[in-house]
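> Pasting structure_1.cif here (mmCIF, C-alpha atoms):
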```
data_input
#
loop_
_atom_site.label_atom_id
_atom_site.label_comp_id
_atom_site.auth_asym_id
_atom_site.auth_seq_id
_atom_site.Cartn_x
_atom_site.Cartn_y
_atom_site.Cartn_z
CA MET A 21 -57.28 1.03 6.52
CA SER A 22 -60.21 3.45 6.43
CA THR A 23 -60.14 6.65 4.42
CA PRO A 24 -61.69 9.96 5.74
CA GLY A 25 -65.12 10.57 4.20
CA LEU A 26 -65.70 6.94 3.28
CA SER A 27 -67.16 5.44 6.46
CA GLY A 28 -67.50 1.71 6.49
CA ILE A 29 -65.32 1.25 3.41
CA ARG A 30 -61.81 -0.08 3.77
CA VAL A 31 -59.17 0.67 1.21
CA LEU A 32 -56.45 -1.95 1.08
CA ARG A 33 -53.01 -0.83 0.02
CA ALA A 34 -51.20 -3.01 -2.42
CA PRO A 35 -47.94 -4.48 -1.11
CA ARG A 36 -44.85 -2.63 -2.16
CA ILE A 37 -43.03 -4.42 -4.94
CA ARG A 38 -39.44 -3.60 -5.50
CA ARG A 39 -38.60 -2.53 -8.99
CA PRO A 40 -36.42 -4.83 -11.07
CA TRP A 41 -33.67 -2.25 -11.44
CA ARG A 42 -33.46 -1.88 -7.67
CA LEU A 43 -33.15 -5.63 -7.18
CA ALA A 44 -30.47 -5.77 -9.88
CA ALA A 45 -28.56 -2.92 -8.23
CA GLU A 46 -28.68 -4.60 -4.81
CA ALA A 47 -27.58 -7.94 -6.26
CA SER A 48 -24.71 -6.26 -8.11
CA ALA A 49 -23.63 -4.45 -4.93
CA LEU A 50 -23.58 -7.74 -3.01
CA LEU A 51 -21.53 -9.43 -5.73
CA ILE A 52 -19.03 -6.58 -5.82
CA ALA A 53 -18.77 -6.56 -2.01
CA ALA A 54 -18.18 -10.33 -2.00
CA ALA A 55 -15.52 -10.02 -4.71
CA VAL A 56 -13.74 -7.29 -2.74
CA ALA A 57 -13.98 -9.10 0.60
CA PHE A 58 -12.93 -12.52 -0.65
CA PRO A 59 -9.17 -11.73 -0.91
CA LEU A 60 -9.25 -10.41 2.66
CA TYR A 61 -11.06 -13.54 3.81
CA TRP A 62 -8.53 -15.76 2.05
CA MET A 63 -5.65 -13.82 3.59
CA VAL A 64 -6.98 -14.26 7.13
CA LEU A 65 -7.90 -17.88 6.46
CA SER A 66 -4.41 -18.67 5.17
CA ALA A 67 -2.90 -17.00 8.22
CA PHE A 68 -4.74 -19.48 10.47
CA LYS A 69 -4.25 -22.55 8.29
CA PRO A 70 -1.58 -25.10 9.26
CA ALA A 71 1.35 -25.50 6.89
CA GLY A 72 0.02 -28.73 5.42
CA GLU A 73 -3.26 -27.14 4.29
CA ILE A 74 -1.54 -24.07 2.83
CA GLU A 75 0.77 -26.22 0.70
CA SER A 76 -2.00 -28.61 -0.33
CA THR A 77 -2.71 -28.98 -4.04
CA GLU A 78 -6.45 -28.95 -3.26
CA PRO A 79 -7.11 -25.66 -1.41
CA ARG A 80 -10.33 -25.39 0.55
CA PRO A 81 -12.10 -22.17 1.61
CA TRP A 82 -12.19 -23.31 5.24
CA THR A 83 -10.06 -25.01 7.85
CA LEU A 84 -11.01 -27.47 10.56
CA ALA A 85 -7.71 -27.14 12.43
CA PRO A 86 -6.87 -23.44 12.89
CA SER A 87 -3.35 -22.74 14.07
CA LEU A 88 -1.41 -19.75 15.40
CA ASP A 89 1.97 -21.02 14.24
CA SER A 90 2.18 -18.43 11.46
CA PHE A 91 1.54 -15.59 13.89
CA ARG A 92 4.16 -16.98 16.25
CA ARG A 93 6.75 -16.92 13.49
CA VAL A 94 5.80 -13.34 12.68
CA PHE A 95 6.13 -12.03 16.24
CA GLN A 96 9.30 -14.00 16.82
CA GLN A 97 11.06 -12.02 14.11
CA GLN A 98 13.76 -9.94 15.74
CA GLU A 99 12.91 -6.55 14.23
CA PHE A 100 9.15 -6.92 13.72
CA GLY A 101 8.23 -4.70 16.68
CA ARG A 102 10.70 -2.07 15.53
CA TYR A 103 9.23 -2.12 12.02
CA PHE A 104 5.73 -1.73 13.45
CA LEU A 105 6.77 1.28 15.55
CA ASN A 106 8.51 2.90 12.57
CA SER A 107 5.36 2.52 10.47
CA LEU A 108 3.28 4.16 13.20
CA ILE A 109 5.73 7.06 13.46
CA VAL A 110 5.86 7.65 9.71
CA ALA A 111 2.11 7.29 9.12
CA GLY A 112 1.16 9.34 12.18
CA THR A 113 3.54 12.17 11.28
CA VAL A 114 2.31 12.29 7.68
CA VAL A 115 -1.35 12.32 8.76
CA VAL A 116 -0.96 15.10 11.34
CA VAL A 117 1.39 17.35 9.37
CA SER A 118 -0.43 16.95 6.04
CA ALA A 119 -3.78 17.70 7.69
CA LEU A 120 -2.55 20.92 9.32
CA VAL A 121 -0.63 22.16 6.28
CA ALA A 122 -3.47 21.26 3.91
CA PHE A 123 -5.99 23.07 6.12
CA LEU A 124 -3.92 26.26 6.13
CA ALA A 125 -3.17 26.03 2.41
CA ALA A 126 -6.82 25.37 1.50
CA THR A 127 -7.88 28.36 3.59
CA ALA A 128 -5.29 30.55 1.88
CA VAL A 129 -6.24 29.62 -1.69
CA THR A 130 -9.95 29.91 -0.92
CA ARG A 131 -10.21 33.05 1.22
CA PHE A 132 -7.39 35.17 -0.22
CA ARG A 133 -6.68 36.55 -3.67
CA PHE A 134 -3.03 36.67 -4.69
CA ARG A 135 -0.87 36.37 -7.77
CA PHE A 136 -0.35 32.94 -9.30
CA ARG A 137 -3.22 31.56 -7.25
CA THR A 138 -4.72 29.76 -10.24
CA THR A 139 -1.29 28.57 -11.33
CA LEU A 140 -0.72 27.08 -7.89
CA LEU A 141 -4.01 25.18 -8.05
CA ILE A 142 -3.16 23.85 -11.50
CA MET A 143 0.20 22.69 -10.19
CA PHE A 144 -1.62 20.74 -7.50
CA LEU A 145 -3.56 18.92 -10.22
CA VAL A 146 -0.45 18.27 -12.29
CA ALA A 147 1.28 16.79 -9.25
CA GLN A 148 -1.50 14.20 -9.01
CA MET A 149 -0.94 13.12 -12.62
CA VAL A 150 2.73 12.23 -12.23
CA PRO A 151 3.20 8.52 -11.33
CA VAL A 152 5.13 7.80 -8.16
CA GLU A 153 7.43 5.36 -9.95
CA ALA A 154 8.67 8.09 -12.29
CA LEU A 155 9.82 10.23 -9.35
CA THR A 156 11.44 7.54 -7.25
CA ILE A 157 14.92 7.89 -8.76
CA PRO A 158 14.97 11.73 -8.63
CA LEU A 159 13.73 11.57 -5.04
CA PHE A 160 16.47 9.08 -4.22
CA PHE A 161 19.18 11.47 -5.38
CA LEU A 162 17.43 14.34 -3.59
CA MET A 163 17.36 12.43 -0.30
CA ARG A 164 20.98 11.43 -0.79
CA ASP A 165 22.05 15.06 -1.31
CA PHE A 166 20.17 16.10 1.84
CA GLY A 167 21.68 13.22 3.81
CA GLN A 168 18.29 11.68 4.58
CA LEU A 169 18.86 8.15 3.27
CA ASN A 170 18.39 5.39 5.85
CA THR A 171 16.24 7.68 8.01
CA LEU A 172 12.52 7.92 8.63
CA GLY A 173 12.64 11.44 7.21
CA SER A 174 13.25 9.98 3.75
CA LEU A 175 9.85 8.29 4.03
CA ILE A 176 7.96 11.14 5.68
CA LEU A 177 8.92 13.92 3.26
CA PRO A 178 7.92 12.18 -0.02
CA HIS A 179 4.58 11.06 1.42
CA LEU A 180 3.88 14.58 2.59
CA ALA A 181 4.63 15.88 -0.89
CA PHE A 182 2.28 13.37 -2.52
CA SER A 183 -0.59 13.65 -0.03
CA LEU A 184 -0.74 17.44 0.22
CA PRO A 185 -2.05 18.25 -3.30
CA PHE A 186 -5.01 15.89 -2.92
CA ALA A 187 -5.71 17.10 0.61
CA VAL A 188 -5.61 20.77 -0.42
CA TRP A 189 -7.99 20.21 -3.33
CA MET A 190 -10.44 18.28 -1.19
CA LEU A 191 -10.37 20.70 1.75
CA ARG A 192 -10.76 23.64 -0.59
CA GLY A 193 -14.38 22.60 -1.16
CA PHE A 194 -15.08 22.41 2.57
CA VAL A 195 -13.55 25.83 3.26
CA LYS A 196 -15.46 27.33 0.33
CA ALA A 197 -18.73 25.92 1.70
CA VAL A 198 -18.37 27.96 4.90
CA PRO A 199 -20.23 31.27 4.29
CA GLU A 200 -18.13 34.39 4.32
CA ALA A 201 -20.92 36.03 6.34
CA LEU A 202 -19.97 33.77 9.22
CA GLU A 203 -16.42 35.06 9.08
CA GLU A 204 -17.61 38.67 8.96
CA ALA A 205 -19.92 38.09 11.93
CA ALA A 206 -17.03 36.63 13.91
CA TYR A 207 -14.88 39.68 13.17
CA LEU A 208 -17.69 42.00 14.23
CA ASP A 209 -17.94 40.12 17.52
CA GLY A 210 -14.27 40.82 18.14
CA ALA A 211 -12.76 37.49 17.08
CA SER A 212 -9.27 37.66 15.62
CA ARG A 213 -8.31 35.89 12.41
CA SER A 214 -6.49 33.13 14.26
CA ARG A 215 -9.40 32.58 16.61
CA PHE A 216 -11.83 32.29 13.70
CA LEU A 217 -9.43 29.94 11.96
CA TRP A 218 -9.00 27.45 14.79
CA GLN A 219 -12.20 27.79 16.85
CA ILE A 220 -14.79 28.25 14.08
CA LEU A 221 -13.46 27.21 10.70
CA PHE A 222 -11.40 24.24 11.83
CA PRO A 223 -14.32 22.37 13.51
CA LEU A 224 -16.51 22.98 10.45
CA VAL A 225 -14.01 21.43 8.02
CA PHE A 226 -12.89 18.69 10.40
CA PRO A 227 -14.89 15.96 8.56
CA GLY A 228 -12.93 16.84 5.43
CA LEU A 229 -9.69 16.59 7.37
CA VAL A 230 -10.67 13.10 8.51
CA ALA A 231 -11.44 12.02 4.95
CA THR A 232 -8.09 13.22 3.64
CA SER A 233 -6.30 11.72 6.64
CA VAL A 234 -7.67 8.28 5.80
CA PHE A 235 -6.16 8.39 2.31
CA SER A 236 -2.87 9.71 3.66
CA PHE A 237 -2.72 7.01 6.33
CA ILE A 238 -3.45 4.14 3.94
CA SER A 239 -0.96 5.23 1.27
CA THR A 240 1.78 5.77 3.86
CA TRP A 241 1.11 2.66 5.92
CA ASN A 242 1.13 0.35 2.88
CA ASP A 243 4.14 1.96 1.18
CA PHE A 244 6.78 -0.47 0.00
CA LEU A 245 8.43 1.40 -2.89
CA PHE A 246 9.93 4.27 -0.89
CA ALA A 247 10.85 2.01 2.03
CA LYS A 248 12.71 -0.33 -0.30
CA SER A 249 14.39 2.51 -2.24
CA PHE A 250 15.45 4.88 0.55
CA ILE A 251 16.23 2.49 3.43
CA ILE A 252 19.29 0.70 2.06
CA SER A 253 21.60 -0.43 4.84
CA ASP A 254 20.11 0.56 8.21
CA THR A 255 17.34 -2.01 8.67
CA SER A 256 16.39 -0.51 12.04
CA GLN A 257 14.75 2.33 10.09
CA SER A 258 12.62 0.03 7.94
CA THR A 259 8.83 -0.04 8.10
CA LEU A 260 6.36 -2.88 8.42
CA PRO A 261 5.98 -3.74 4.69
CA MET A 262 9.69 -4.57 4.66
CA ALA A 263 9.03 -7.29 7.25
CA LEU A 264 7.25 -9.28 4.56
CA LEU A 265 10.57 -9.80 2.76
CA VAL A 266 11.75 -12.02 5.61
CA PHE A 267 9.21 -14.67 4.60
CA PHE A 268 10.18 -14.65 0.92
CA LYS A 269 12.92 -17.25 0.63
CA PRO A 270 14.91 -18.43 -2.41
CA ASP A 271 13.89 -22.07 -2.07
CA GLU A 272 10.32 -21.81 -0.78
CA ASN A 273 8.17 -18.92 0.40
CA ASP A 274 6.58 -19.04 3.84
CA TRP A 275 3.03 -18.23 2.73
CA GLY A 276 1.63 -18.71 6.21
CA GLY A 277 4.03 -16.09 7.59
CA ILE A 278 3.30 -13.76 4.67
CA MET A 279 -0.45 -13.96 5.23
CA ALA A 280 -0.09 -13.60 9.01
CA ALA A 281 2.14 -10.53 8.64
CA SER A 282 -0.31 -9.06 6.11
CA THR A 283 -3.17 -9.65 8.55
CA VAL A 284 -1.26 -7.87 11.33
CA MET A 285 -0.59 -4.99 8.93
CA THR A 286 -4.30 -4.70 8.18
CA ILE A 287 -5.39 -4.40 11.83
CA PRO A 288 -4.20 -0.77 12.37
CA VAL A 289 -5.99 0.30 9.18
CA LEU A 290 -9.23 -1.29 10.38
CA VAL A 291 -8.85 0.32 13.81
CA PHE A 292 -8.26 3.70 12.19
CA PHE A 293 -11.41 3.25 10.07
CA VAL A 294 -13.50 2.31 13.10
CA LEU A 295 -12.33 5.38 15.01
CA VAL A 296 -13.09 7.84 12.21
CA GLN A 297 -15.93 6.13 10.33
CA ARG A 298 -18.63 8.63 11.32
CA ARG A 299 -16.49 11.62 10.42
CA LEU A 300 -15.37 9.87 7.26
CA VAL A 301 -18.92 9.35 5.96
CA SER A 302 -19.87 12.97 6.60
CA GLY A 303 -16.60 14.15 5.10
CA LEU A 304 -17.02 12.18 1.89
CA GLY A 305 -20.67 13.26 1.70
CA GLY A 306 -19.64 16.88 2.00
CA ALA A 307 -17.00 16.45 -0.67
CA VAL A 308 -19.49 14.91 -3.10
CA LYS A 309 -22.05 17.59 -2.35
CA ASP A 310 -19.52 20.31 -3.07
#
```
Please lay out the structure from this file as C-alpha cells.


Amino acid sequence: MSTPGLSGIRVLRAPRIRRPWRLAAEASALLIAAAVAFPLYWMVLSAFKPAGEIESTEPRPWTLAPSLDSFRRVFQQQEFGRYFLNSLIVAGTVVVVSALVAFLAATAVTRFRFRFRTTLLIMFLVAQMVPVEALTIPLFFLMRDFGQLNTLGSLILPHLAFSLPFAVWMLRGFVKAVPEALEEAAYLDGASRSRFLWQILFPLVFPGLVATSVFSFISTWNDFLFAKSFIISDTSQSTLPMALLVFFKPDENDWGGIMAASTVMTIPVLVFFVLVQRRLVSGLGGAVKD
C-alpha cells in the first residue's frame, strides 16, 4: 500500500496479531458457554433417547435411534394441557401487571419529591434481600386468610410482590435518563401529563420494561415452590412445573418423561427470548450505562 509523499515506495502493514489476553478471554468465554449449554444439550438428548439408552450404565453423549416415546407420554398426561395454560395465564399476568405498575412507580419515585421517598426505595432493596423460602409459610397463611388457596391468584400475587422491587429499581434508571427538558418541552407544546407519560416516556423506557419482563417471566414460569405450597387439593389450578411430579415414581423415575417435560417447559422461554432479544440487549445496555 503506497503512502502519500513517498512515490514508488510501498509500505507493508504487519498482520494483526491478537494479544494473548484476548485469546485467553475468548477461550474462557467458549468454555463457559459450553459448560452452560451442556446441561441443556443433555436434557434434550435424554428426551429423545429410547428407554434402554437412558437406563444404560454406560451413557453416551449421542443417540443413533432417536425416539418420541417420551414426548408421547408427556402429552398423553390428562392434565398436561391444563397445566400449560395455567402457567401461561400466571406468567403473562405477572409480566403485564408488574411492567405497568413498575413503570408508574419508577416514574413517581424519579420525577416527584414526597415524604418517605428514600425510605420507600430502601424498602425495595430490603425486599430483594429476603429469601423466598423464609416467606413461604407467612404467605401461605396470608393466602389462606384471604381465601386464595387453590387458585391462580395465590401464584400471581406473590410473584408480583417479588418482581416489582427489582423492576422499579431497574426502570428508575431509565426514567432518570430521560431529560427533564423533554418533559418541559412537551408541556409547552400543550401535552398533558398522561399524554407525556404514555406517548413519550413509555416508548423511551420500553427496552427497560422488556428487560424486567424477561426476569419476571422466567422466575414465574419456572416456579415450583409456590405452586407446591399454595395449590394443595385442586390440581386443575396447578402449573406446568407440577406436571414433572407425575414422572417421579416411588419404584423408578421416568427420566425420559422428566427430560421431555422439561424440554417442553423450556420452549416458551426460548420463544419469549427470540421475540424480545433486540429490546432485551438495548435494555440491559441502558441499565449498565446508567

> Show me, as a PyMOL selection string, the residues that have an atom within 9 Å of range 192-208 of chain A when counting only C-alpha atoms, minus same-chain residues fewer than 4 positions from it.

chain A and resi 122-123+125-127+129-131+187-188+212-213+216+220-222+224-228+303+306-307+310

> Quick one: which range 93-178 of chain A residues come within 12 Å of range 279-295 of chain A, and what is the nearest atom pair for each with the distance in Å to one decimal, counting all atoms listed in the file, rows ordered by chain and ascending number, as CSV?


```
residue,atom,partner,partner_atom,distance
A:Arg93,CA,A:Ala280,CA,8.8
A:Val94,CA,A:Ala281,CA,6.1
A:Phe95,CA,A:Ala281,CA,8.7
A:Gln96,CA,A:Ala281,CA,11.4
A:Gln97,CA,A:Ala281,CA,10.6
A:Phe100,CA,A:Ala281,CA,9.4
A:Gly101,CA,A:Val284,CA,11.3
A:Tyr103,CA,A:Met285,CA,10.7
A:Phe104,CA,A:Met285,CA,8.4
A:Leu105,CA,A:Pro288,CA,11.6
A:Ser107,CA,A:Met285,CA,9.7
A:Leu108,CA,A:Pro288,CA,9.0
A:Ala111,CA,A:Val289,CA,10.7
A:Gly112,CA,A:Phe292,CA,11.0
A:Val115,CA,A:Phe292,CA,11.6
```

> Which residues, protein or nucleic acid, reach to within 10 Å of (-3.0, 17.6, 4.1) in the file's coordinates when using all atoms listed in the file, and can you give that as a ChimeraX atom specification?

/A:114-126,180-191,229-230,232-233,235-236

> What's around Arg80 in chain A at 12 Å? Count all atoms listed in the file, leave out sequence neighbours fewer than 4 positions away in its own chain, and write the answer as a ChimeraX atom specification.

/A:62,65-66,69,72-76,84

> Using all atoms listed in the file, which of the listed residues (A:Ala67, A:Ala211, A:Leu169, A:Val266) sits closest to Asp254 in chain A?

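Between A:Ala67, A:Ala211, A:Leu169, A:Val266, the residue approaching Asp254 in chain A most closely is A:Leu169.
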
> Of the candidates A:Leu159, A:Met149, A:Asp274, A:Trp218, which shows the shortest atom-to-atom distance to Asp89 in chain A, using all atoms listed in the file?

A:Asp274

> Using the chain letters and numbers from the file, give me the residues hit by the PyMOL selection byres ((chain A and resi 249) around 10), as an mmCIF file with C-alpha atoms, in the frame of the given file.


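Result went into selection-v1.cif, see below:
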```cif
data_model
loop_
_atom_site.group_PDB
_atom_site.id
_atom_site.type_symbol
_atom_site.label_atom_id
_atom_site.label_comp_id
_atom_site.auth_asym_id
_atom_site.auth_seq_id
_atom_site.Cartn_x
_atom_site.Cartn_y
_atom_site.Cartn_z
ATOM 1 C CA THR A 156 11.440 7.540 -7.250
ATOM 2 C CA ILE A 157 14.920 7.890 -8.760
ATOM 3 C CA LEU A 159 13.730 11.570 -5.040
ATOM 4 C CA PHE A 160 16.470 9.080 -4.220
ATOM 5 C CA LEU A 169 18.860 8.150 3.270
ATOM 6 C CA ASN A 170 18.390 5.390 5.850
ATOM 7 C CA SER A 174 13.250 9.980 3.750
ATOM 8 C CA LEU A 175 9.850 8.290 4.030
ATOM 9 C CA PHE A 244 6.780 -0.470 0.000
ATOM 10 C CA LEU A 245 8.430 1.400 -2.890
ATOM 11 C CA PHE A 246 9.930 4.270 -0.890
ATOM 12 C CA ALA A 247 10.850 2.010 2.030
ATOM 13 C CA LYS A 248 12.710 -0.330 -0.300
ATOM 14 C CA PHE A 250 15.450 4.880 0.550
ATOM 15 C CA ILE A 251 16.230 2.490 3.430
ATOM 16 C CA ILE A 252 19.290 0.700 2.060
#
```

> Here is a test: counting all atoms listed in the file, which residue of A:Pro158, A:Arg215, A:Asn106, A:Phe166 is nearest to Thr255 in chain A?

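Residue with the minimum atom-to-atom distance to Thr255 in chain A: A:Asn106.
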
> For Ile176 in chain A, list every protein, DNA or RNA residue within 6 Å, evaluated using only C-alpha atoms, and leave out those in the same chain fewer than 3 positions away; present the list as an mmCIF file with C-alpha atoms, in the coordinates of the input.


```
data_model
loop_
_atom_site.group_PDB
_atom_site.id
_atom_site.type_symbol
_atom_site.label_atom_id
_atom_site.label_comp_id
_atom_site.auth_asym_id
_atom_site.auth_seq_id
_atom_site.Cartn_x
_atom_site.Cartn_y
_atom_site.Cartn_z
ATOM 1 C CA VAL A 110 5.860 7.650 9.710
ATOM 2 C CA GLY A 173 12.640 11.440 7.210
ATOM 3 C CA HIS A 179 4.580 11.060 1.420
#
```

> Calculate how many Å separate CA of Leu60 in chain A from CA of Glu46 in chain A, rounding to one decimal.

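Value for the CA of Leu60 in chain A-CA of Glu46 in chain A distance: 21.6 Å.
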
> Can you list, as a PyMOL selection string, the residues that the PyMOL selection byres ((chain A and resi 264) around 9) selects here?

chain A and resi 260-263+265-268+277-278+281-282

> Mind working out the centre and edge lengths of an axis-aligned box for range 124-127 of chain A, all listed atoms inside, 6 Å added to each side, rounded to one decimal in Å and written as lines of an AutoDock Vina configuration file?


```
center_x = -5.5
center_y = 26.9
center_z = 3.8
size_x = 16.7
size_y = 15.0
size_z = 16.6
```
